[in-house]
$ cat structure-v6.pdb   # PDB, C-alpha atoms
ATOM      1  CA  MET A  30       0.000   0.000   0.000
ATOM      2  CA  MET A  31       2.795   2.370   0.983
ATOM      3  CA  ARG A  32       4.618   1.635  -2.212
ATOM      4  CA  ARG A  33       1.531   2.389  -4.250
ATOM      5  CA  PHE A  34       0.975   5.707  -2.495
ATOM      6  CA  GLY A  35       4.634   6.467  -2.820
ATOM      7  CA  LYS A  36       4.597   5.855  -6.539
ATOM      8  CA  LYS A  37       1.546   8.026  -6.940
ATOM      9  CA  LYS A  38       3.198  10.816  -5.032
ATOM     10  CA  ARG A  39       6.360  10.497  -7.038
ATOM     11  CA  LYS A  40       4.382  10.605 -10.246
ATOM     12  CA  HIS A  41       2.609  13.834  -9.342
ATOM     13  CA  GLY A  42       5.208  15.200  -6.970
ATOM     14  CA  ASN A  43       7.562  18.079  -7.393
ATOM     15  CA  ALA A  44      10.657  16.906  -9.197
ATOM     16  CA  ALA A  45      12.844  19.225  -7.185
ATOM     17  CA  SER A  46      11.687  17.790  -3.827
ATOM     18  CA  GLY A  47      12.744  14.206  -4.542
ATOM     19  CA  ASP A  48      11.081  11.111  -2.957
ATOM     20  CA  VAL A  49       7.990  11.777  -0.857
ATOM     21  CA  SER A  50       6.693   9.058   1.488
ATOM     22  CA  LEU A  51       3.152   9.202   2.813
ATOM     23  CA  ASN A  52       2.970   9.342   6.620
ATOM     24  CA  ILE A  53       0.574   6.587   7.526
ATOM     25  CA  THR A  54       1.058   6.787  11.289
ATOM     26  CA  ALA A  55      -2.118   8.868  11.635
ATOM     27  CA  MET A  56      -4.007   6.346   9.533
ATOM     28  CA  ALA A  57      -2.776   3.515  11.776
ATOM     29  CA  ASP A  58      -4.028   5.484  14.807
ATOM     30  CA  ILE A  59      -7.461   5.975  13.239
ATOM     31  CA  PHE A  60      -7.730   2.309  12.298
ATOM     32  CA  THR A  61      -6.740   1.268  15.820
ATOM     33  CA  ILE A  62      -9.517   3.442  17.275
ATOM     34  CA  ILE A  63     -12.081   2.068  14.794
ATOM     35  CA  LEU A  64     -11.007  -1.497  15.567
ATOM     36  CA  VAL A  65     -11.266  -0.965  19.327
ATOM     37  CA  PHE A  66     -14.706   0.619  18.905
ATOM     38  CA  LEU A  67     -15.918  -2.294  16.781
ATOM     39  CA  LEU A  68     -14.562  -4.856  19.230
ATOM     40  CA  LYS A  69     -16.322  -3.028  22.063
ATOM     41  CA  SER A  70     -19.668  -2.828  20.283
ATOM     42  CA  TYR A  71     -19.458  -6.328  18.830
ATOM     43  CA  SER A  72     -22.518  -8.116  20.110
ATOM     44  CA  SER A  73     -21.295 -11.293  21.721
ATOM     45  CA  GLY A  74     -23.754 -12.297  24.415
ATOM     46  CA  ALA A  75     -23.958 -15.576  26.285
ATOM     47  CA  VAL A  76     -26.551 -16.844  23.841
ATOM     48  CA  ALA A  77     -26.087 -16.938  20.097
ATOM     49  CA  VAL A  78     -29.311 -16.295  18.220
ATOM     50  CA  SER A  79     -29.161 -16.172  14.452
ATOM     51  CA  PRO A  80     -32.564 -16.063  12.762
ATOM     52  CA  SER A  81     -32.612 -17.322   9.208
ATOM     53  CA  ALA A  82     -32.942 -14.958   6.263
ATOM     54  CA  GLY A  83     -36.423 -13.517   5.929
ATOM     55  CA  THR A  84     -37.223 -13.780   9.624
ATOM     56  CA  THR A  85     -37.830 -10.391  11.202
ATOM     57  CA  LEU A  86     -38.058 -10.378  14.961
ATOM     58  CA  PRO A  87     -40.512  -8.072  16.741
ATOM     59  CA  SER A  88     -39.109  -5.487  19.112
ATOM     60  CA  ALA A  89     -39.912  -5.003  22.783
ATOM     61  CA  GLU A  90     -38.358  -4.066  26.079
ATOM     62  CA  ALA A  91     -36.748  -7.291  27.213
ATOM     63  CA  MET A  92     -33.875  -8.766  29.159
ATOM     64  CA  ALA A  93     -30.789 -10.196  27.522
ATOM     65  CA  PRO A  94     -30.874 -13.995  27.341
ATOM     66  CA  GLU A  95     -28.727 -15.643  29.999
ATOM     67  CA  PHE A  96     -28.824 -19.330  29.210
ATOM     68  CA  GLU A  97     -28.666 -21.461  26.127
ATOM     69  CA  SER A  98     -31.747 -23.557  25.500
ATOM     70  CA  LEU A  99     -33.545 -25.382  22.742
ATOM     71  CA  LYS A 100     -34.383 -23.061  19.863
ATOM     72  CA  VAL A 101     -37.490 -23.243  17.728
ATOM     73  CA  GLU A 102     -37.763 -20.866  14.814
ATOM     74  CA  VAL A 103     -40.982 -19.981  13.029
ATOM     75  CA  ASN A 104     -40.703 -18.310   9.663
ATOM     76  CA  GLU A 105     -43.035 -17.914   6.708
ATOM     77  CA  LYS A 106     -42.350 -21.324   5.184
ATOM     78  CA  SER A 107     -41.108 -23.633   7.899
ATOM     79  CA  ILE A 108     -40.497 -24.505  11.515
ATOM     80  CA  LEU A 109     -36.904 -25.164  12.487
ATOM     81  CA  VAL A 110     -35.728 -26.923  15.628
ATOM     82  CA  GLU A 111     -32.058 -26.164  16.284
ATOM     83  CA  ASN A 112     -31.791 -24.839  12.708
ATOM     84  CA  GLN A 113     -33.114 -28.093  11.227
ATOM     85  CA  PRO A 114     -36.408 -27.801   9.298
ATOM     86  CA  VAL A 115     -39.013 -30.101  10.834
ATOM     87  CA  ALA A 116     -42.359 -28.840   9.531
ATOM     88  CA  ALA A 117     -43.540 -26.977   6.474
ATOM     89  CA  LEU A 118     -45.709 -23.871   6.736
ATOM     90  CA  SER A 119     -47.687 -22.049   4.127
ATOM     91  CA  ALA A 120     -47.838 -18.276   4.723
ATOM     92  CA  HIS A 121     -46.943 -18.849   8.398
ATOM     93  CA  LYS A 122     -49.695 -21.467   8.804
ATOM     94  CA  PHE A 123     -49.551 -25.210   9.445
ATOM     95  CA  ALA A 124     -51.132 -27.569   6.958
ATOM     96  CA  GLY A 125     -54.407 -28.977   8.279
ATOM     97  CA  ALA A 126     -53.138 -32.562   7.928
ATOM     98  CA  ASP A 127     -50.215 -31.826  10.245
ATOM     99  CA  LEU A 128     -52.494 -30.881  13.143
ATOM    100  CA  ASP A 129     -54.149 -33.336  15.490
ATOM    101  CA  GLU A 130     -57.455 -32.836  17.332
ATOM    102  CA  LYS A 131     -55.713 -30.829  20.096
ATOM    103  CA  ARG A 132     -54.138 -28.548  17.473
ATOM    104  CA  VAL A 133     -50.677 -29.929  18.165
ATOM    105  CA  SER A 134     -48.405 -30.231  15.134
ATOM    106  CA  LYS A 135     -47.526 -33.884  14.520
ATOM    107  CA  SER A 136     -44.175 -33.178  12.858
ATOM    108  CA  LEU A 137     -43.093 -30.560  15.407
ATOM    109  CA  ASN A 138     -44.252 -32.829  18.210
ATOM    110  CA  ALA A 139     -42.093 -35.663  16.830
ATOM    111  CA  ALA A 140     -39.028 -33.396  16.592
ATOM    112  CA  LEU A 141     -39.506 -32.032  20.111
ATOM    113  CA  ALA A 142     -40.117 -35.522  21.515
ATOM    114  CA  LYS A 143     -36.765 -36.544  19.997
ATOM    115  CA  GLU A 144     -35.051 -33.554  21.656
ATOM    116  CA  ARG A 145     -36.716 -34.363  24.968
ATOM    117  CA  LYS A 146     -35.578 -38.001  24.705
ATOM    118  CA  ARG A 147     -32.021 -36.835  23.982
ATOM    119  CA  GLN A 148     -32.082 -34.501  27.013
ATOM    120  CA  ASN A 149     -33.437 -37.303  29.208
ATOM    121  CA  MET A 150     -30.651 -39.619  28.061
ATOM    122  CA  ILE A 151     -27.992 -37.003  28.869
ATOM    123  CA  ALA A 152     -29.590 -36.287  32.250
ATOM    124  CA  GLY A 153     -29.728 -40.028  32.966
ATOM    125  CA  ALA A 154     -26.051 -40.481  32.193
ATOM    126  CA  ASN A 155     -24.840 -37.362  33.996
ATOM    127  CA  LYS A 156     -26.409 -36.408  37.317
ATOM    128  CA  ASP A 157     -25.042 -32.849  37.067
ATOM    129  CA  VAL A 158     -27.227 -32.227  34.028
ATOM    130  CA  LYS A 159     -30.883 -31.504  34.638
ATOM    131  CA  VAL A 160     -33.699 -31.808  32.140
ATOM    132  CA  ASP A 161     -34.391 -28.328  30.836
ATOM    133  CA  SER A 162     -37.917 -26.992  30.420
ATOM    134  CA  LYS A 163     -36.745 -23.813  28.707
ATOM    135  CA  ILE A 164     -37.381 -23.236  25.028
ATOM    136  CA  MET A 165     -36.543 -20.177  22.938
ATOM    137  CA  VAL A 166     -39.146 -19.238  20.347
ATOM    138  CA  ILE A 167     -37.706 -17.220  17.469
ATOM    139  CA  ALA A 168     -40.753 -16.218  15.480
ATOM    140  CA  ASP A 169     -41.220 -13.905  12.552
ATOM    141  CA  ARG A 170     -43.152 -10.781  13.513
ATOM    142  CA  LYS A 171     -45.999 -11.579  11.099
ATOM    143  CA  THR A 172     -46.645 -15.039  12.537
ATOM    144  CA  PRO A 173     -50.339 -15.312  13.426
ATOM    145  CA  TYR A 174     -51.224 -16.134  17.024
ATOM    146  CA  GLN A 175     -52.848 -19.375  15.833
ATOM    147  CA  THR A 176     -49.459 -20.707  14.666
ATOM    148  CA  LEU A 177     -47.771 -19.511  17.831
ATOM    149  CA  LYS A 178     -50.371 -21.350  19.919
ATOM    150  CA  THR A 179     -49.722 -24.553  17.977
ATOM    151  CA  VAL A 180     -45.955 -24.217  18.506
ATOM    152  CA  LEU A 181     -46.367 -23.533  22.234
ATOM    153  CA  ALA A 182     -48.864 -26.377  22.640
ATOM    154  CA  SER A 183     -46.525 -28.781  20.824
ATOM    155  CA  ALA A 184     -43.671 -27.700  23.093
ATOM    156  CA  ALA A 185     -45.762 -27.912  26.257
ATOM    157  CA  VAL A 186     -46.850 -31.517  25.633
ATOM    158  CA  ASN A 187     -43.168 -32.447  25.505
ATOM    159  CA  GLY A 188     -42.350 -30.732  28.804
ATOM    160  CA  PHE A 189     -40.974 -27.478  27.381
ATOM    161  CA  THR A 190     -43.089 -25.073  29.402
ATOM    162  CA  ASP A 191     -40.713 -22.222  30.167
ATOM    163  CA  PHE A 192     -41.097 -20.120  27.036
ATOM    164  CA  LYS A 193     -38.589 -17.468  26.096
ATOM    165  CA  LEU A 194     -39.860 -15.299  23.269
ATOM    166  CA  VAL A 195     -36.915 -13.858  21.372
ATOM    167  CA  VAL A 196     -37.243 -10.191  20.404
ATOM    168  CA  VAL A 197     -35.056  -7.301  19.403
ATOM    169  CA  GLN A 198     -34.466  -5.095  22.405
ATOM    170  CA  ASN A 199     -35.833  -1.580  22.200
ATOM    171  CA  GLU A 200     -33.314   1.198  22.615
TER     172      GLU A 200
ATOM    173  CA  MET B   8       7.128   6.264  13.138
ATOM    174  CA  SER B   9      10.851   6.231  13.652
ATOM    175  CA  ILE B  10      12.847   4.323  16.189
ATOM    176  CA  GLY B  11      16.292   5.450  17.033
ATOM    177  CA  PRO B  12      18.807   6.554  16.431
ATOM    178  CA  ILE B  13      20.240   3.337  17.842
ATOM    179  CA  GLU B  14      23.616   3.720  19.444
ATOM    180  CA  GLY B  15      26.125   3.550  16.702
ATOM    181  CA  GLY B  16      23.404   2.784  14.183
ATOM    182  CA  GLN B  17      21.069   4.691  11.958
ATOM    183  CA  ASP B  18      17.396   5.796  11.831
ATOM    184  CA  VAL B  19      15.017   2.876  11.372
ATOM    185  CA  ASP B  20      11.530   3.348   9.926
ATOM    186  CA  LEU B  21       8.941   0.828  11.051
ATOM    187  CA  ASN B  22       6.945  -0.287   8.042
ATOM    188  CA  LEU B  23       3.324   0.369   8.942
ATOM    189  CA  ALA B  24       1.890  -0.693   5.597
ATOM    190  CA  PRO B  25       1.298  -4.358   6.539
ATOM    191  CA  ILE B  26      -0.280  -3.241   9.834
ATOM    192  CA  ILE B  27      -2.656  -0.948   7.950
ATOM    193  CA  ASP B  28      -3.446  -3.796   5.556
ATOM    194  CA  ALA B  29      -4.226  -6.144   8.472
ATOM    195  CA  PHE B  30      -6.384  -3.485  10.149
ATOM    196  CA  THR B  31      -8.280  -2.860   6.925
ATOM    197  CA  VAL B  32      -9.086  -6.557   6.574
ATOM    198  CA  LEU B  33     -10.066  -6.854  10.262
ATOM    199  CA  ILE B  34     -12.336  -3.794  10.164
ATOM    200  CA  ALA B  35     -14.015  -4.969   6.962
ATOM    201  CA  PHE B  36     -14.561  -8.432   8.482
ATOM    202  CA  MET B  37     -16.004  -7.013  11.694
ATOM    203  CA  LEU B  38     -18.313  -4.600   9.885
ATOM    204  CA  VAL B  39     -19.685  -7.453   7.785
ATOM    205  CA  SER B  40     -20.078  -9.989  10.579
ATOM    206  CA  ALA B  41     -21.061  -7.730  13.468
ATOM    207  CA  SER B  42     -24.632  -7.762  14.639
ATOM    208  CA  PHE B  43     -25.535  -4.433  16.130
ATOM    209  CA  LEU B  44     -28.995  -5.602  17.180
ATOM    210  CA  ALA B  45     -29.355  -6.516  20.821
ATOM    211  CA  ILE B  46     -31.380  -9.669  21.282
ATOM    212  CA  GLY B  47     -33.660  -9.996  24.291
ATOM    213  CA  VAL B  48     -36.112 -12.542  25.645
ATOM    214  CA  LEU B  49     -39.586 -12.192  27.111
ATOM    215  CA  ASP B  50     -40.578 -14.807  29.664
ATOM    216  CA  ALA B  51     -43.973 -16.285  29.029
ATOM    217  CA  GLY B  52     -45.960 -19.029  30.644
ATOM    218  CA  VAL B  53     -49.040 -20.770  29.383
ATOM    219  CA  ALA B  54     -52.404 -20.332  31.010
ATOM    220  CA  ALA B  55     -53.897 -23.797  30.847
ATOM    221  CA  GLY B  56     -56.327 -25.749  32.950
ATOM    222  CA  GLY B  57     -54.867 -28.238  35.372
ATOM    223  CA  LYS B  58     -55.096 -29.627  38.873
ATOM    224  CA  ALA B  59     -54.493 -26.800  41.328
ATOM    225  CA  GLY B  60     -52.215 -27.405  44.293
ATOM    226  CA  ASP B  61     -53.919 -27.973  47.647
ATOM    227  CA  LYS B  62     -52.256 -24.961  49.244
ATOM    228  CA  ALA B  63     -52.480 -22.734  46.189
ATOM    229  CA  LYS B  64     -54.372 -19.582  46.987
ATOM    230  CA  PRO B  65     -56.246 -18.182  44.006
ATOM    231  CA  PRO B  66     -55.604 -14.512  43.213
ATOM    232  CA  ALA B  67     -58.187 -11.911  44.256
ATOM    233  CA  VAL B  68     -58.925 -11.231  40.617
ATOM    234  CA  THR B  69     -57.991 -12.982  37.407
ATOM    235  CA  ILE B  70     -57.142 -10.468  34.712
ATOM    236  CA  ARG B  71     -57.594 -11.422  31.079
ATOM    237  CA  VAL B  72     -56.591  -9.239  28.148
ATOM    238  CA  HIS B  73     -57.756 -10.359  24.730
ATOM    239  CA  LEU B  74     -56.582  -8.800  21.476
ATOM    240  CA  GLU B  75     -59.209  -8.791  18.774
ATOM    241  CA  GLU B  76     -58.685  -8.757  15.039
ATOM    242  CA  GLY B  77     -59.995  -5.200  14.634
ATOM    243  CA  ARG B  78     -57.417  -3.902  17.149
ATOM    244  CA  ASN B  79     -59.963  -3.813  19.951
ATOM    245  CA  ILE B  80     -58.599  -4.786  23.360
ATOM    246  CA  ARG B  81     -60.995  -6.676  25.597
ATOM    247  CA  LEU B  82     -60.202  -6.465  29.291
ATOM    248  CA  GLU B  83     -62.006  -8.853  31.623
ATOM    249  CA  THR B  84     -61.624  -9.594  35.295
ATOM    250  CA  THR B  85     -63.188 -12.360  37.328
ATOM    251  CA  GLY B  86     -63.073 -13.052  41.058
ATOM    252  CA  GLN B  87     -63.647 -10.244  43.545
ATOM    253  CA  LEU B  88     -64.257  -7.830  40.697
ATOM    254  CA  SER B  89     -66.251  -8.612  37.612
ATOM    255  CA  LEU B  90     -65.315  -6.247  34.818
ATOM    256  CA  LYS B  91     -65.811  -6.332  31.068
ATOM    257  CA  LEU B  92     -64.368  -3.543  29.034
ATOM    258  CA  THR B  93     -63.535  -3.042  25.361
ATOM    259  CA  LEU B  94     -60.903  -0.496  24.375
ATOM    260  CA  LYS B  95     -61.396   0.782  20.856
ATOM    261  CA  PRO B  96     -58.326   1.394  18.686
ATOM    262  CA  GLU B  97     -56.750   4.834  18.506
ATOM    263  CA  GLY B  98     -56.825   5.385  14.771
ATOM    264  CA  GLU B  99     -54.916   2.432  13.363
ATOM    265  CA  ALA B 100     -53.083   1.593  16.598
ATOM    266  CA  TRP B 101     -53.940  -0.430  19.652
ATOM    267  CA  ASN B 102     -55.140   1.687  22.562
ATOM    268  CA  GLN B 103     -52.112   0.859  24.666
ATOM    269  CA  GLY B 104     -52.397   3.999  26.783
ATOM    270  CA  GLY B 105     -55.980   3.182  27.703
ATOM    271  CA  LEU B 106     -55.031  -0.383  28.602
ATOM    272  CA  GLN B 107     -52.193   0.752  30.821
ATOM    273  CA  ALA B 108     -54.464   3.251  32.587
ATOM    274  CA  GLU B 109     -57.036   0.517  33.292
ATOM    275  CA  LEU B 110     -54.345  -1.885  34.466
ATOM    276  CA  ALA B 111     -52.894   0.778  36.763
ATOM    277  CA  LYS B 112     -56.339   1.217  38.334
ATOM    278  CA  LEU B 113     -56.607  -2.543  38.885
ATOM    279  CA  LYS B 114     -53.096  -2.662  40.304
ATOM    280  CA  SER B 115     -53.860   0.058  42.846
ATOM    281  CA  ARG B 116     -57.022  -1.789  43.889
ATOM    282  CA  PHE B 117     -55.511  -5.285  43.988
ATOM    283  CA  PRO B 118     -51.770  -4.835  44.589
ATOM    284  CA  ASP B 119     -51.224  -8.518  45.399
ATOM    285  CA  VAL B 120     -52.128  -9.674  41.909
ATOM    286  CA  LYS B 121     -48.910 -10.306  39.989
ATOM    287  CA  ALA B 122     -50.019 -11.958  36.773
ATOM    288  CA  ALA B 123     -52.360 -11.455  33.862
ATOM    289  CA  ILE B 124     -53.471 -13.652  30.999
ATOM    290  CA  LEU B 125     -52.971 -12.430  27.447
ATOM    291  CA  SER B 126     -54.720 -14.039  24.509
ATOM    292  CA  ALA B 127     -55.519 -13.001  20.959
ATOM    293  CA  ASP B 128     -57.640 -13.866  17.973
ATOM    294  CA  ASP B 129     -56.035 -16.418  15.666
ATOM    295  CA  SER B 130     -55.129 -13.863  13.001
ATOM    296  CA  VAL B 131     -53.477 -11.309  15.306
ATOM    297  CA  ALA B 132     -49.796 -10.942  14.434
ATOM    298  CA  TYR B 133     -47.055 -12.039  16.818
ATOM    299  CA  GLU B 134     -45.563  -8.511  16.852
ATOM    300  CA  ASP B 135     -48.844  -7.146  18.236
ATOM    301  CA  VAL B 136     -48.935  -9.846  20.902
ATOM    302  CA  VAL B 137     -45.347  -9.077  21.890
ATOM    303  CA  SER B 138     -46.029  -5.345  21.893
ATOM    304  CA  GLN B 139     -49.039  -5.713  24.227
ATOM    305  CA  MET B 140     -47.136  -8.216  26.321
ATOM    306  CA  GLY B 141     -44.439  -5.585  26.864
ATOM    307  CA  ALA B 142     -47.085  -3.054  27.908
ATOM    308  CA  LEU B 143     -48.736  -5.580  30.230
ATOM    309  CA  ARG B 144     -45.439  -6.510  31.874
ATOM    310  CA  LYS B 145     -44.963  -2.923  33.055
ATOM    311  CA  THR B 146     -47.858  -3.432  35.462
ATOM    312  CA  TYR B 147     -48.009  -7.217  35.789
ATOM    313  CA  PRO B 148     -44.606  -8.897  35.452
ATOM    314  CA  GLY B 149     -46.085 -12.357  35.068
ATOM    315  CA  VAL B 150     -47.764 -12.680  31.690
ATOM    316  CA  LEU B 151     -49.368 -15.973  30.747
ATOM    317  CA  LEU B 152     -50.390 -16.672  27.190
ATOM    318  CA  GLY B 153     -53.930 -17.948  26.924
ATOM    319  CA  GLY B 154     -56.481 -18.986  24.365
ATOM    320  CA  PHE B 155     -55.459 -22.674  24.205
TER     321      PHE B 155
END
$ encode --input "structure-v6.pdb" --output "structure tokens"
Amino acid sequence: MMRRFGKKKRKHGNAASGDVSLNITAMADIFTIILVFLLKSYSSGAVAVSPSAGTTLPSAEAMAPEFESLKVEVNEKSILVENQPVAALSAHKFAGADLDEKRVSKSLNAALAKERKRQNMIAGANKDVKVDSKIMVIADRKTPYQTLKTVLASAAVNGFTDFKLVVVQNE
Amino acid sequence: MSIGPIEGGQDVDLNLAPIIDAFTVLIAFMLVSASFLAIGVLDAGVAAGGKAGDKAKPPAVTIRVHLEEGRNIRLETTGQLSLKLTLKPEGEAWNQGGLQAELAKLKSRFPDVKAAILSADDSVAYEDVVSQMGALRKTYPGVLLGGF
């Protein structure tokens, strides 16, 4: 970079003055300040939440998440459990065939039952680990309440009753 | 930036160009990957029927807030006070101010009540539920989602 600037200067510089080198110390200072600022403002909380493209979270006054837990995402076309698609949606709504008489989603129920079984196995093998009832719901802001109810009901029947609704914090 | 002169030596210029290059790459990377949105969580329980504990004392009043499709807010209480109230929208927006005023009145009358039940019509958007939940939590920290 220095060489390039130097050449440029030499090209347009005064012939009588000889070689001119650009002082980039000030630039290094500025970059250091920018880098420190970015590192400071870099959002790196205890919990990593990364909604998929097209999912817009609603905003509200809320606390920062403190613990990792199972994540269920609801977007316009699908339901994801731990970033794995488990059920298809059409315009944020479940297909009628996927719902049972209690309005629990069969496919989401199966995925959550699998997660619950996995947690139970871990808790059985390690007494320090307790079965977690927390679940983080990352839903698109346009999701109708009907779909949200189905997701919460499907989670509740599998023992996930401590709901954490993920939002963007208001300033 | 010059270091020296070193004893018996000559002026040495530290080459800052590679440092600037590294900083440029780092800053570009951080600007692209940084998320400047702060993520938060709202605690919610589910209001569902079940066997009550033997020693569980029911609250003086049960407060239910229902969000209707036309942005009407229906406020109902049961127990020591029976109240049914519908708050009409303010233009295109939910009448959040009116709801908070009514909740404040209830809070002053029944200070021991800590929770309220929030439900909505099937078509009400999640952002509206979250927005009203935030307003409700200012008066009643425990918000249970209902309508199941």
$ interface_residues --input "structure-v6.pdb" --of "chain B" --to "chain A" --cutoff "8 Å" --atoms "all atoms listed in the file" --output "ChimeraX atom specification"
/B:8,23-28,30-31,33-34,37-38,41-53,127-134,136-138,141,154-155
$ resolve_selection --input "structure-v6.pdb" --expression "the PyMOL selection byres ((chain B and resi 144-150) around 9)" --output "PyMOL selection string"
chain B and resi 50-54+107+110-111+114+120-125+139-143+151-152
$ residues_near_point --input "structure-v6.pdb" --point "(-45.2, -20.0, 5.2)" --cutoff "7 Å" --atoms "only C-alpha atoms" --output "PyMOL selection string"
chain A and resi 104-107+118-122
$ resolve_selection --input "structure-v6.pdb" --expression "the PyMOL selection byres ((chain B and resi 65-79) around 6)" --output "list in words"
Lys64, Ile80, Arg81, Leu82, Glu83, Thr84, Thr85, Gly86, Gln87, Leu94, Lys95, Pro96, Trp101, Ala123, Ile124, Leu125, Ser126, Ala127, Asp128 and Val131 of chain B
$ write_last_selection --input "structure-v6.pdb" --atoms "C-alpha atoms" --output "PDB file, in the coordinates of the input"
ATOM      1  CA  LYS B  64     -54.372 -19.582  46.987  1.00  0.00           C
ATOM      2  CA  ILE B  80     -58.599  -4.786  23.360  1.00  0.00           C
ATOM      3  CA  ARG B  81     -60.995  -6.676  25.597  1.00  0.00           C
ATOM      4  CA  LEU B  82     -60.202  -6.465  29.291  1.00  0.00           C
ATOM      5  CA  GLU B  83     -62.006  -8.853  31.623  1.00  0.00           C
ATOM      6  CA  THR B  84     -61.624  -9.594  35.295  1.00  0.00           C
ATOM      7  CA  THR B  85     -63.188 -12.360  37.328  1.00  0.00           C
ATOM      8  CA  GLY B  86     -63.073 -13.052  41.058  1.00  0.00           C
ATOM      9  CA  GLN B  87     -63.647 -10.244  43.545  1.00  0.00           C
ATOM     10  CA  LEU B  94     -60.903  -0.496  24.375  1.00  0.00           C
ATOM     11  CA  LYS B  95     -61.396   0.782  20.856  1.00  0.00           C
ATOM     12  CA  PRO B  96     -58.326   1.394  18.686  1.00  0.00           C
ATOM     13  CA  TRP B 101     -53.940  -0.430  19.652  1.00  0.00           C
ATOM     14  CA  ALA B 123     -52.360 -11.455  33.862  1.00  0.00           C
ATOM     15  CA  ILE B 124     -53.471 -13.652  30.999  1.00  0.00           C
ATOM     16  CA  LEU B 125     -52.971 -12.430  27.447  1.00  0.00           C
ATOM     17  CA  SER B 126     -54.720 -14.039  24.509  1.00  0.00           C
ATOM     18  CA  ALA B 127     -55.519 -13.001  20.959  1.00  0.00           C
ATOM     19  CA  ASP B 128     -57.640 -13.866  17.973  1.00  0.00           C
ATOM     20  CA  VAL B 131     -53.477 -11.309  15.306  1.00  0.00           C
TER      21      VAL B 131
END
$ atom_distance --input "structure-v6.pdb" --atom1 "CA of Asn112 in chain A" --atom2 "CA of Lys100 in chain A"
7.8 Å
$ resolve_selection --input "structure-v6.pdb" --expression "the PyMOL selection byres ((chain A and resi 111) around 7)" --output "PyMOL selection string"
chain A and resi 99-101+109-110+112-113
$ atom_distance --input "structure-v6.pdb" --atom1 "CA of Lys146 in chain A" --atom2 "CA of Ala124 in chain A"
25.8 Å
$ atom_distance --input "structure-v6.pdb" --atom1 "CA of Ser162 in chain A" --atom2 "CA of Asp135 in chain B"
25.7 Å
$ residues_around --input "structure-v6.pdb" --residues "Leu141 in chain A" --least-positions-apart "4" --cutoff "9 Å" --atoms "all atoms listed in the file" --output "ChimeraX atom specification"
/A:110,136-137,145-146,183-184,187,189
$ axis_aligned_box --input "structure-v6.pdb" --around "range 128-144 of chain B" --padding-each-side "8 Å" --output "AutoDock Vina command-line options"
--center_x -51.0 --center_y -9.7 --center_z 22.4 --size_x 29.2 --size_y 29.4 --size_z 34.9
